[in-house]
Each structure stands twice: as structure tokens, then as C-alpha cells.
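So this one's run-v2.cif, mmCIF, C-alpha atoms:
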data_start
loop_
_atom_site.label_atom_id
_atom_site.label_comp_id
_atom_site.auth_asym_id
_atom_site.auth_seq_id
_atom_site.Cartn_x
_atom_site.Cartn_y
_atom_site.Cartn_z
CA MET A 1 -9.48 -1.58 -55.15
CA MET A 2 -7.26 0.92 -53.33
CA GLN A 3 -10.25 2.21 -51.37
CA ARG A 4 -11.20 -1.32 -50.22
CA GLN A 5 -7.64 -1.96 -49.07
CA LYS A 6 -7.74 1.24 -46.99
CA GLN A 7 -11.03 0.22 -45.39
CA LYS A 8 -9.68 -3.25 -44.65
CA TYR A 9 -6.60 -1.70 -43.04
CA VAL A 10 -8.67 0.66 -40.89
CA TYR A 11 -10.96 -2.15 -39.68
CA THR A 12 -7.90 -4.28 -38.87
CA VAL A 13 -6.48 -1.46 -36.74
CA VAL A 14 -9.76 -1.08 -34.86
CA LEU A 15 -9.99 -4.84 -34.28
CA PHE A 16 -6.43 -4.86 -32.94
CA LEU A 17 -7.19 -2.00 -30.55
CA ALA A 18 -10.30 -3.82 -29.32
CA VAL A 19 -8.19 -6.91 -28.57
CA VAL A 20 -5.71 -4.71 -26.67
CA LEU A 21 -8.60 -3.34 -24.63
CA VAL A 22 -9.82 -6.80 -23.67
CA LEU A 23 -6.36 -8.07 -22.78
CA SER A 24 -5.52 -4.97 -20.72
CA VAL A 25 -8.50 -5.33 -18.38
CA PRO A 26 -7.27 -7.24 -15.31
CA SER A 27 -9.31 -10.34 -14.54
CA SER A 28 -10.44 -11.05 -11.01
CA ALA A 29 -8.26 -13.72 -9.43
CA VAL A 30 -10.40 -14.45 -6.39
CA SER A 31 -14.11 -15.04 -5.96
CA VAL A 32 -16.36 -16.30 -3.18
CA SER A 33 -18.68 -19.25 -3.67
CA GLU A 34 -20.90 -21.47 -1.53
CA SER A 35 -20.78 -19.06 1.41
CA PRO A 36 -24.12 -17.62 2.57
CA ASP A 37 -24.44 -14.10 3.90
CA VAL A 38 -25.74 -15.45 7.23
CA ILE A 39 -24.40 -18.51 9.05
CA SER A 40 -24.68 -20.05 12.49
CA ARG A 41 -22.09 -21.68 14.71
CA GLY A 42 -20.63 -24.63 12.86
CA GLY A 43 -21.25 -23.06 9.46
CA GLN A 44 -18.60 -23.28 6.75
CA VAL A 45 -17.03 -20.38 4.88
CA THR A 46 -15.44 -21.04 1.48
CA VAL A 47 -13.13 -18.82 -0.55
CA SER A 48 -12.85 -20.01 -4.15
CA ILE A 49 -9.57 -19.06 -5.85
CA ARG A 50 -9.11 -18.89 -9.60
CA ASP A 51 -6.02 -18.15 -11.73
CA LEU A 52 -3.70 -17.41 -8.80
CA LYS A 53 -0.20 -17.80 -10.19
CA ASN A 54 2.87 -19.01 -8.34
CA ASP A 55 4.78 -16.22 -6.58
CA ASP A 56 1.72 -13.97 -6.56
CA THR A 57 1.46 -12.25 -3.18
CA PHE A 58 -1.64 -13.51 -1.37
CA SER A 59 -3.12 -12.08 1.86
CA LEU A 60 -6.22 -13.24 3.72
CA LEU A 61 -7.64 -11.22 6.63
CA ILE A 62 -10.35 -12.83 8.79
CA GLU A 63 -11.83 -10.41 11.31
CA GLY A 64 -14.45 -11.41 13.88
CA ARG A 65 -16.61 -9.03 15.91
CA PHE A 66 -18.97 -10.68 18.33
CA ALA A 67 -20.96 -10.22 21.52
CA VAL A 68 -19.77 -11.64 24.86
CA ALA A 69 -20.27 -11.06 28.56
CA GLY A 70 -17.72 -9.05 30.54
CA GLY A 71 -15.29 -11.26 32.48
CA SER A 72 -16.35 -14.39 30.61
CA GLU A 73 -14.24 -16.64 28.42
CA PHE A 74 -14.36 -16.29 24.65
CA LEU A 75 -13.50 -18.51 21.69
CA PHE A 76 -13.21 -17.56 18.04
CA ALA A 77 -12.31 -20.61 15.96
CA THR A 78 -11.72 -21.16 12.25
CA ASP A 79 -11.38 -24.91 12.68
CA ASN A 80 -10.82 -27.48 9.94
CA PHE A 81 -8.96 -24.78 8.01
CA ARG A 82 -8.26 -26.33 4.60
CA MET A 83 -5.70 -24.55 2.43
CA PRO A 84 -4.53 -26.32 -0.75
CA ILE A 85 -1.88 -23.67 -1.45
CA SER A 86 1.33 -22.80 0.42
CA LEU A 87 2.55 -19.32 1.35
CA THR A 88 6.34 -19.06 1.20
CA LYS A 89 8.17 -16.27 3.02
CA GLY A 90 4.89 -15.94 4.84
CA GLU A 91 3.64 -14.24 7.98
CA LEU A 92 0.91 -15.15 10.44
CA PHE A 93 -0.67 -12.34 12.46
CA ALA A 94 -3.12 -12.56 15.36
CA TYR A 95 -4.79 -9.71 17.23
CA THR A 96 -7.58 -9.18 19.79
CA GLU A 97 -9.19 -6.24 21.60
CA ASN A 98 -11.18 -6.03 24.86
CA THR A 99 -9.40 -9.03 26.37
CA SER A 100 -7.50 -9.43 29.63
CA GLU A 101 -5.65 -12.48 28.30
CA THR A 102 -5.49 -14.18 24.91
CA MET A 103 -4.04 -17.41 23.51
CA LEU A 104 -3.45 -18.36 19.88
CA ASN A 105 -3.71 -22.10 19.28
CA VAL A 106 -2.87 -23.75 15.95
CA LYS A 107 -2.90 -27.52 15.36
CA LYS A 108 -1.91 -29.34 12.19
CA GLY A 109 -1.53 -33.10 12.43
CA ASN A 110 0.79 -33.93 15.33
CA ILE A 111 2.08 -30.37 15.64
CA THR A 112 0.41 -27.95 18.06
CA VAL A 113 1.57 -24.37 18.62
CA GLY A 114 0.22 -22.22 21.44
CA VAL A 115 1.11 -18.60 22.25
CA GLY A 116 -0.49 -16.85 25.21
CA LYS A 117 -0.27 -13.39 26.72
CA VAL A 118 -1.80 -11.34 29.52
CA THR A 119 -2.80 -8.04 27.90
CA GLY A 120 -2.13 -4.60 29.31
CA PRO A 121 -4.61 -1.92 30.37
CA ASP A 122 -5.54 -1.28 26.73
CA GLY A 123 -6.82 -4.85 26.42
CA THR A 124 -5.03 -5.62 23.14
CA PHE A 125 -3.09 -8.72 22.12
CA SER A 126 -0.81 -8.82 19.08
CA TYR A 127 1.35 -11.64 17.74
CA SER A 128 3.26 -12.21 14.50
CA ASP A 129 5.41 -15.04 13.20
CA LYS A 130 7.43 -15.06 9.98
CA ARG A 131 7.48 -18.54 8.49
CA ASP A 132 6.40 -20.55 5.48
CA ILE A 133 2.73 -21.48 5.84
CA GLY A 134 2.30 -24.95 4.39
CA SER A 135 -0.69 -26.32 2.56
CA GLY A 136 -2.98 -28.88 4.17
CA THR A 137 -5.63 -29.03 6.86
CA TYR A 138 -5.24 -27.18 10.15
CA GLU A 139 -7.57 -28.92 12.59
CA LYS A 140 -7.50 -25.94 14.94
CA MET A 141 -6.87 -22.25 14.36
CA ARG A 142 -8.24 -20.53 17.45
CA LEU A 143 -8.13 -17.38 19.53
CA THR A 144 -9.27 -17.95 23.11
CA GLY A 145 -9.07 -16.05 26.38
CA THR A 146 -10.90 -13.89 28.90
CA VAL A 147 -12.96 -10.78 28.23
CA GLN A 148 -12.11 -7.59 30.11
CA PRO A 149 -14.57 -6.80 32.92
CA GLY A 150 -17.36 -4.50 31.75
CA LYS A 151 -16.86 -5.22 28.05
CA THR A 152 -19.64 -6.74 25.99
CA SER A 153 -17.83 -7.51 22.74
CA VAL A 154 -14.52 -8.79 21.43
CA LEU A 155 -12.64 -8.11 18.21
CA THR A 156 -10.34 -10.76 16.72
CA ARG A 157 -8.10 -10.71 13.65
CA LEU A 158 -6.16 -13.42 11.85
CA GLN A 159 -4.05 -12.60 8.79
CA LEU A 160 -2.06 -14.97 6.59
CA SER A 161 0.27 -13.55 3.94
CA GLY A 162 2.98 -14.84 1.62
CA ALA A 163 4.01 -15.78 -1.90
CA LYS A 164 1.66 -18.42 -3.26
CA SER A 165 2.80 -21.81 -4.52
CA GLY A 166 0.56 -24.70 -5.54
CA PRO A 167 -2.48 -25.08 -7.78
CA ASP A 168 -3.79 -22.01 -9.60
CA ASP A 169 -7.41 -22.99 -8.82
CA SER A 170 -8.32 -24.07 -5.31
CA GLU A 171 -10.66 -23.47 -2.38
CA ILE A 172 -9.83 -22.31 1.14
CA SER A 173 -12.51 -23.25 3.65
CA PHE A 174 -13.01 -23.22 7.41
CA VAL A 175 -15.74 -23.85 9.98
CA VAL A 176 -16.70 -21.07 12.40
CA GLU A 177 -16.98 -22.20 16.01
CA GLY A 178 -17.25 -20.64 19.43
CA ILE A 179 -19.51 -17.64 18.79
CA ASP A 180 -23.24 -17.25 18.25
CA ARG A 181 -23.77 -13.63 17.24
CA GLY A 182 -21.64 -11.08 15.42
CA SER A 183 -19.94 -10.52 12.08
CA ILE A 184 -17.02 -11.91 10.11
CA PHE A 185 -15.22 -9.71 7.58
CA LEU A 186 -13.13 -11.39 4.88
CA THR A 187 -10.62 -9.49 2.75
CA VAL A 188 -8.33 -11.00 0.13
CA LEU A 189 -5.46 -9.14 -1.52
CA VAL A 190 -3.56 -10.46 -4.53
CA ASN A 191 -0.40 -8.54 -5.38
CA ASP A 192 -1.57 -5.76 -3.02
CA ARG A 193 -4.85 -5.37 -4.88
CA GLN A 194 -8.19 -6.12 -3.24
CA GLU A 195 -9.84 -9.04 -5.00
CA MET A 196 -12.51 -9.80 -2.44
CA PHE A 197 -14.32 -8.20 0.47
CA ARG A 198 -17.24 -9.85 2.18
CA GLU A 199 -19.22 -9.49 5.41
CA ILE A 200 -20.87 -12.59 6.85
CA THR A 201 -23.38 -12.27 9.67
CA LEU A 202 -23.27 -14.79 12.53
CA ARG A 203 -26.63 -15.50 14.09
CA PRO A 204 -28.10 -18.33 16.19
CA ALA A 205 -30.12 -20.78 14.13
CA GLY A 206 -33.68 -19.45 13.77
CA ALA A 207 -32.89 -16.09 15.42
CA SER A 208 -34.10 -12.83 13.90
CA ALA A 209 -31.98 -9.75 13.36
CA GLN A 210 -31.15 -7.91 16.57
CA ALA A 211 -29.08 -4.84 17.31
CA ALA A 212 -25.73 -5.72 18.86
CA PRO A 213 -24.65 -4.18 22.17
CA ASP A 214 -21.19 -2.72 21.59
CA GLN A 215 -19.14 -0.57 19.25
CA TYR A 216 -17.58 -3.53 17.47
CA LEU A 217 -20.86 -4.89 16.17
CA ILE A 218 -22.79 -3.35 13.30
CA PRO A 219 -26.56 -3.20 13.97
CA PRO A 220 -28.62 -4.51 11.04
CA THR A 221 -30.87 -2.11 9.13
CA THR A 222 -34.58 -2.72 9.71
CA PRO A 223 -37.04 -1.39 7.08
CA GLY A 224 -39.51 1.10 8.45
CA THR A 225 -37.43 2.15 11.44
CA ALA A 226 -38.37 5.67 12.55
CA THR A 227 -35.67 8.30 12.16
CA PRO A 228 -34.90 10.13 15.44
CA SER A 229 -35.89 13.79 15.38
CA THR A 230 -32.49 14.74 16.80
CA PRO A 231 -29.67 12.73 15.24
CA LYS A 232 -26.97 11.49 17.56
CA PRO A 233 -23.57 13.15 17.18
CA ALA A 234 -21.09 11.20 15.09
CA VAL A 235 -18.75 9.23 17.33
CA PRO A 236 -15.25 8.64 15.95
CA GLN A 237 -14.21 5.00 15.76
CA THR A 238 -10.65 3.75 15.44
CA PHE A 239 -9.62 0.71 13.37
CA SER A 240 -6.09 -0.64 13.70
CA SER A 241 -3.79 -3.04 11.89
CA VAL A 242 -2.85 -6.47 13.19
CA ASP A 243 0.60 -5.21 14.24
CA GLN A 244 -0.79 -2.02 15.86
CA GLN A 245 1.59 0.15 13.83
CA ALA A 246 -1.14 1.84 11.77
CA SER A 247 -4.71 2.90 12.49
CA VAL A 248 -7.56 4.88 10.98
CA THR A 249 -10.02 7.05 12.91
CA ALA A 250 -13.27 7.83 11.07
CA VAL A 251 -16.86 8.82 11.72
CA ASN A 252 -19.98 7.32 10.15
CA ILE A 253 -17.95 4.33 8.97
CA PRO A 254 -18.89 0.91 10.41
CA TYR A 255 -15.75 -0.95 9.32
CA VAL A 256 -12.24 -0.38 8.00
CA GLY A 257 -9.79 -3.25 7.52
CA LEU A 258 -6.03 -2.59 7.44
CA ILE A 259 -4.09 -5.34 5.66
CA ARG A 260 -0.34 -5.24 6.11
CA GLY A 261 1.96 -5.82 3.14
CA ALA A 262 5.30 -4.76 1.69
CA ALA A 263 5.85 -1.26 0.30
CA ARG A 264 6.74 -1.68 -3.38
CA GLN A 265 7.98 0.62 -6.16
CA VAL A 266 9.25 3.14 -3.64
CA PRO A 267 10.96 6.13 -5.33
CA PRO A 268 14.77 6.00 -5.11
CA ASP A 269 14.99 9.08 -2.87
CA TRP A 270 12.39 7.78 -0.39
CA LEU A 271 12.71 5.33 2.50
CA ALA A 272 9.82 3.02 3.42
CA VAL A 273 9.89 3.32 7.21
CA SER A 274 6.82 1.13 7.74
CA SER A 275 5.03 -1.65 5.93
CA ALA A 276 2.31 -0.69 3.48
CA TYR A 277 -1.30 -0.92 4.71
CA THR A 278 -4.20 -1.40 2.32
CA LEU A 279 -7.62 -0.26 3.54
CA SER A 280 -10.66 -2.39 2.85
CA PRO A 281 -13.22 -2.35 1.42
CA ASP A 282 -11.58 -0.50 -1.45
CA TYR A 283 -14.71 1.53 -2.27
CA LEU A 284 -14.64 3.41 1.06
CA THR A 285 -14.81 7.21 1.04
CA PHE A 286 -14.51 9.39 4.13
CA SER A 287 -16.59 12.53 4.65
CA PRO A 288 -15.46 14.21 6.80
CA PRO A 289 -11.91 12.97 6.07
CA ALA A 290 -10.59 10.16 8.24
CA ILE A 291 -7.22 10.43 9.98
CA ILE A 292 -4.60 7.76 9.40
CA PHE A 293 -1.91 7.32 12.07
CA PHE A 294 1.51 5.66 11.91
CA THR A 295 3.81 4.81 14.80
CA VAL A 296 7.45 5.79 14.25
CA PRO A 297 9.95 3.10 15.33
CA ALA A 298 12.21 3.91 18.25
CA PRO A 299 15.33 5.94 17.32
CA SER A 300 18.44 3.90 16.63
CA ASP A 301 20.72 6.91 16.26
CA PRO A 302 19.76 10.11 18.11
CA GLY A 303 22.18 12.05 15.92
CA THR A 304 20.25 11.34 12.69
CA THR A 305 17.08 13.19 11.76
CA TYR A 306 14.64 12.35 9.00
CA ALA A 307 11.64 14.17 7.52
CA TYR A 308 8.78 11.72 7.98
CA PHE A 309 5.57 11.84 5.96
CA ILE A 310 2.75 9.56 4.83
CA GLY A 311 2.68 8.23 1.27
CA ARG A 312 -0.27 6.93 -0.72
CA PHE A 313 0.20 4.45 -3.58
CA ASP A 314 -2.11 5.68 -6.32
CA ASN A 315 -2.11 4.53 -9.98
CA ALA A 316 1.32 2.88 -9.66
CA GLN A 317 2.71 6.10 -8.18
CA TRP A 318 3.54 7.15 -4.65
CA ARG A 319 2.07 10.51 -3.65
CA THR A 320 2.38 12.38 -0.39
CA VAL A 321 -0.34 13.00 2.17
CA PRO A 322 -0.11 16.26 4.18
CA SER A 323 1.38 14.96 7.42
CA THR A 324 1.67 16.11 11.02
CA ALA A 325 4.11 14.80 13.62
CA ALA A 326 3.21 14.59 17.31
CA GLY A 327 5.37 12.57 19.68
CA ALA A 328 5.95 9.13 18.18
CA LYS A 329 3.00 9.43 15.76
CA VAL A 330 2.66 10.81 12.26
CA SER A 331 -0.88 11.44 11.02
CA GLY A 332 -2.66 12.81 7.99
CA PRO A 333 -6.17 13.24 6.56
CA ILE A 334 -7.43 10.82 3.91
CA ASP A 335 -10.65 10.92 1.90
CA ARG A 336 -10.75 7.36 0.53
CA ALA A 337 -9.40 3.85 0.82
CA GLY A 338 -6.06 2.95 -0.71
CA THR A 339 -2.57 1.81 0.22
CA TYR A 340 -0.61 3.96 2.68
CA ALA A 341 2.82 3.80 4.30
CA LEU A 342 5.08 5.87 6.55
CA MET A 343 7.93 7.30 4.49
CA ALA A 344 11.04 9.43 4.92
CA PHE A 345 13.42 11.13 2.53
CA ARG A 346 16.54 9.12 1.84
CA PRO A 347 19.77 10.96 2.70
CA GLU A 348 21.38 12.42 -0.41
CA SER A 349 24.51 10.32 -0.05
CA THR A 350 22.52 7.07 -0.38
CA ILE A 351 20.68 7.89 -3.63
CA PRO A 352 22.06 6.08 -6.70
CA ALA A 353 23.86 8.61 -8.88
CA SER A 354 22.04 7.55 -12.06
CA THR A 355 18.58 8.24 -10.63
CA ALA A 356 19.20 10.77 -7.86
CA PRO A 357 16.96 13.85 -8.09
CA THR A 358 17.79 17.08 -6.38
CA ALA A 359 17.56 16.45 -2.66
CA PRO A 360 14.90 18.53 -0.84
CA ALA A 361 16.13 21.12 1.60
CA THR A 362 14.60 19.19 4.49
CA THR A 363 16.72 16.10 3.80
CA PRO A 364 19.81 15.90 6.03
CA ALA A 365 23.08 14.80 4.49
CA VAL A 366 24.51 11.90 6.48
CA THR A 367 26.86 9.11 5.47
CA MET A 368 25.02 5.86 4.74
CA THR A 369 25.48 3.13 2.17
CA PHE A 370 22.58 2.35 -0.18
CA ALA A 371 22.08 -1.15 1.22
CA GLU A 372 22.24 -0.10 4.84
CA THR A 373 19.14 -0.32 7.01
CA PRO A 374 17.81 3.23 7.47
CA LYS A 375 18.39 4.81 10.84
CA ILE A 376 15.26 6.05 12.55
CA ALA A 377 15.54 9.20 14.58
CA SER A 378 13.40 12.16 15.59
CA ILE A 379 10.28 13.12 13.67
CA ALA A 380 10.12 16.11 11.37
CA GLN A 381 7.01 17.36 9.57
CA ALA A 382 7.17 17.25 5.79
CA GLU A 383 4.86 17.99 2.88
CA PRO A 384 6.94 17.00 -0.19
CA THR A 385 5.67 16.88 -3.74
CA ALA A 386 4.66 13.71 -5.53
CA VAL A 387 7.39 11.64 -7.14
CA PRO A 388 6.32 10.18 -10.50
CA THR A 389 6.99 6.57 -11.40
CA LYS A 390 6.29 4.55 -14.51
CA THR A 391 2.58 3.99 -15.08
CA PRO A 392 1.35 0.82 -16.81
CA LEU A 393 -1.15 0.77 -19.68
CA SER A 394 -4.35 2.29 -18.31
CA TRP A 395 -7.95 2.69 -19.34
CA PHE A 396 -7.15 6.25 -20.45
CA VAL A 397 -4.49 5.05 -22.88
CA VAL A 398 -6.71 2.30 -24.25
CA ALA A 399 -9.71 4.62 -24.53
CA GLY A 400 -7.58 7.13 -26.41
CA ALA A 401 -6.40 4.43 -28.80
CA LEU A 402 -9.95 3.29 -29.45
CA ALA A 403 -11.07 6.88 -30.02
CA THR A 404 -8.29 7.26 -32.59
CA GLY A 405 -9.40 4.07 -34.31
CA ALA A 406 -13.01 5.23 -34.38
CA GLY A 407 -11.87 8.53 -35.85
CA LEU A 408 -10.08 6.67 -38.65
CA VAL A 409 -13.27 4.78 -39.48
CA ILE A 410 -15.36 7.98 -39.59
CA TRP A 411 -12.71 9.74 -41.69
CA SER A 412 -12.63 6.82 -44.14
CA ARG A 413 -16.42 6.76 -44.53
CA ARG A 414 -16.57 10.50 -45.12
CA ARG A 415 -13.93 10.21 -47.83
CA ASN A 416 -16.00 7.50 -49.47
#
Target encoding C-alpha cells, full file:
Amino acid sequence: MMQRQKQKYVYTVVLFLAVVLVLSVPSSAVSVSESPDVISRGGQVTVSIRDLKNDDTFSLLIEGRFAVAGGSEFLFATDNFRMPISLTKGELFAYTENTSETMLNVKKGNITVGVGKVTGPDGTFSYSDKRDIGSGTYEKMRLTGTVQPGKTSVLTRLQLSGAKSGPDDSEISFVVEGIDRGSIFLTVLVNDRQEMFREITLRPAGASAQAAPDQYLIPPTTPGTATPSTPKPAVPQTFSSVDQQASVTAVNIPYVGLIRGAARQVPPDWLAVSSAYTLSPDYLTFSPPAIIFFTVPAPSDPGTTYAYFIGRFDNAQWRTVPSTAAGAKVSGPIDRAGTYALMAFRPESTIPASTAPTAPATTPAVTMTFAETPKIASIAQAEPTAVPTKTPLSWFVVAGALATGAGLVIWSRRRN
């Protein structure tokens, strides 16, 4: 009788650990349905959302890369944009490259908003607006303008971010207009975690695959294509964020998306100087390493100096990336996708006494209150050590628990 009770207890423990394992695996909150891999002008793209809770942070990046003629007009439209959810404390970003002038046009019901700009010599346009993004149908959501002379492609980006409110299950859909050939890249983040990445090819109805003419377009792979006897040297390509404050330069990589978000769980003795930027797709690896760049904001107090460095958010913990300062840029090598931000050490006088670690020697002591906006001054190179934070239940913990449970079963059987 006693032996049976022991066995029953052991099996109960194992069953409990198995339930913990199932419950600890995060479920995917976003999936894509009813969207083909290849569409033509007028085709619809649908993002199907499941189990997205209120106040979850939701970000959608829509990037278009398409062929045009130099000096011509361009149009990239995500018309009839249906969004059943609202994004509170939201932000709308728009960005283009290779344009001499760009206009963002958004129409919802009787309200039409237009923002235009003549771009500089670099041919880039960037716009952001902090506002609540309401649910409903946006009849027009367009980027239009003129292509720079001599250019044969245009890059466009639209990003919507905010705290979700509305139904947990819904579908966001839009119709692609204005372009005939190119690619659309969709990335969705939920609570700063990539839940979806998808590339959709744009092609004229009935057209076969054809190599695109410029660096923004990814030529399709054709089976049986002969390999050149002398490979072409790898050409670095730079991918930037919608606000132009962060960029990644890599070789042999056709696409990197940078989705802007808030830097969270920052250690108490660090300052988040920039937003956090999540690279997509999340399975990317860089060999040779890519270089990530951050722009340092203009100094607000020339008398204050900070040690700037790049941080990577990895397993619920911020770690440092070896960083180099040059002018108004801080850069560092990275070998894989992830979430990165420009950081600085917080002055010793602003660290809460209950959690303040020993201040590094590179941290200047200046008088600032904890709630005060950090002052940005000259750049200093820094390679600090990682600062640990609390780590949630992980696969390693669960696997260890299951191994312990299995050991109890084996031990019990041997005793029998």
C-alpha cells in the first residue's frame, strides 16, 4: 500500500510539471491568413490577430520596395485599411528613400490629413506623429511623390504602434495600389516580441519572375541558374529605422527591418538615450558581423559628459555591445537579430539608494534628480559589463524540473 502511494505521488508530480511546461510556452498572438505569397496591384493583404489582450503593445511595419523610373511620380497605397482595434498612446511613422519630394496622405471618413516635404540631397523623407490611432476604415493611406533623377527604385515604410484596445480576435486588411512590381515586407511585434514576419511579392498579373533593377529589390531565385566562376564581391547594404536614428549595415543580407519601440526593464544605473529597435526577421544571423549605428541627440548641456554604449536586450536582460564613438554616431558589431538601444550610465547621484550598484569609474558625478530628463552631452566610448535583471521562467528551468521528475520515476521503479 505504501509503495503504491509513493508511485501515485511521483506520477502526480510529473503530471504537474508537464502542465507547467505547457502553460509556460508562450502562444503565438498573431498569424497571417488569406494572404498569398504573390499578389498584383489591387490585391488584398490580411493580418489575422488572435488573443491580443488590451494594453498589449502592438506594432505593424509595412515596407514597400518597388521599381520605378527616375524622375517619375510614384504611389504606394495601402487603401481601404481596415483596423478593428485602436492603438492608444500611439505613433504613426512614414519614411521614403530615393525621392525628391514625398507626401503622406491619410483619409478616414470626412477627415483628410496630408503632410508633404521636399527631401534633401540624401533623398529621404521621415515623418512621425504621436496620437491615438482609432479603429475603423481608412479609405486612403498613401505615400506619393517624385523619384530622384537616375534612381530606378523607391523604398517606403509605414509603421503604426500603440497600446491595443478592442476585440482580442480581429483582422487588419488593406489593398495594395499604385505599384506593379516589387516586394512588401510585413512585421508585427506584440510586447516587443516578433509574432509575424512575411514577404509578399508584387508582380503584374500573368508576369513571370524577373530580376529587379536596383538595390532595394530582391531578385528571385531561379532553379538551374549557373553560378558565376568569379563571385562578385559582397556589397554592404544599409537598412535604417523609420525615424533615421538607427541603422544596420550588413553584407549578404537582402533585408533587415528596424521596428522602433520603447526601451523597457532598463537597469537602474543606465539611461535609455534612444528608443529600442527590434530587428526583423528575428532569425537573422550576420557573418561577417553587421554594424549597428545610433545617432546621439544634440547636446543640451556642454558641461555634462556621459559614457555612451549600445545595449542588447537578451533573455529579459540588457547586455552591452562593444561600442565605438565617432562624431555624433555610436556603432558596434552584432552577429544576430535582437532588440538594441543606445544607452549611457546614469550619474551616481540619480541612482536610487536601495538599488544603486557601485558606479563605474567612467560615470561622471553630476547633480540630477531621478525624474529629470537626462542631459545629452559629448560622446565617450564605453565597454561596461552586463547588468543582470530578473529572468522569467525559461525552458531551461522547466526542462530541469521535468528531468528531476523523470529521475524520481526511474528511482521509484528501481526501488520496486
- Message: For this structure, which residues satisfy the selection - the PyMOL selection byres ((chain A and resi 35-48) around 10) - when it is evaluated on the file as given? I want them as a PyMOL selection string.
- Response: chain A and resi 29-34+49-50+60+77-83+169-184+186+188+196+198-207
- Task: Figure out the distance between atom CA of Ser161 of chain A and atom CA of Leu92 of chain A, please, to one decimal in Å.
- Result: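 Atom-to-atom, atom CA of Leu92 of chain A and atom CA of Ser161 of chain A are spaced 6.7 Å apart.
Selection by the PyMOL selection byres ((chain A and resi 343) around 9) on the present file picks out A:Trp270, A:Leu271, A:Ala272, A:Val273, A:Ser274, A:Ala307, A:Tyr308, A:Phe309, A:Ile310, A:Gly311, A:Thr320, A:Ala341, A:Leu342, A:Ala344, A:Phe345.
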- Message: I'd like to see the residues matched by the PyMOL selection byres ((chain A and resi 333) around 9) on this file, and ideally I'd get them as JSON, numbers by chain.
- Response: {"A": [289, 290, 291, 292, 321, 322, 323, 331, 332, 334, 335]}
Next, write the just-selected residues to a file, as a CSV table (one decimal), in the coordinates of the input, keeping C-alpha atoms as the atom set.
chain,number,residue,atom,x,y,z
A,289,PRO,CA,-11.9,13.0,6.1
A,290,ALA,CA,-10.6,10.2,8.2
A,291,ILE,CA,-7.2,10.4,10.0
A,292,ILE,CA,-4.6,7.8,9.4
A,321,VAL,CA,-0.3,13.0,2.2
A,322,PRO,CA,-0.1,16.3,4.2
A,323,SER,CA,1.4,15.0,7.4
A,331,SER,CA,-0.9,11.4,11.0
A,332,GLY,CA,-2.7,12.8,8.0
A,334,ILE,CA,-7.4,10.8,3.9
A,335,ASP,CA,-10.6,10.9,1.9
- Between atom CA of Gln159 of chain A and atom CA of Thr278 of chain A, distance in Å (one decimal):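 Answer for the atom CA of Gln159 of chain A to atom CA of Thr278 of chain A separation: 12.9 Å.
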- Message: Just to confirm, what's the straight-line distance from atom CA of Phe197 of chain A to atom CA of Ala337 of chain A in Å (one decimal)?
- Response: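 Pair atom CA of Phe197 of chain A / atom CA of Ala337 of chain A returns 13.0 Å.
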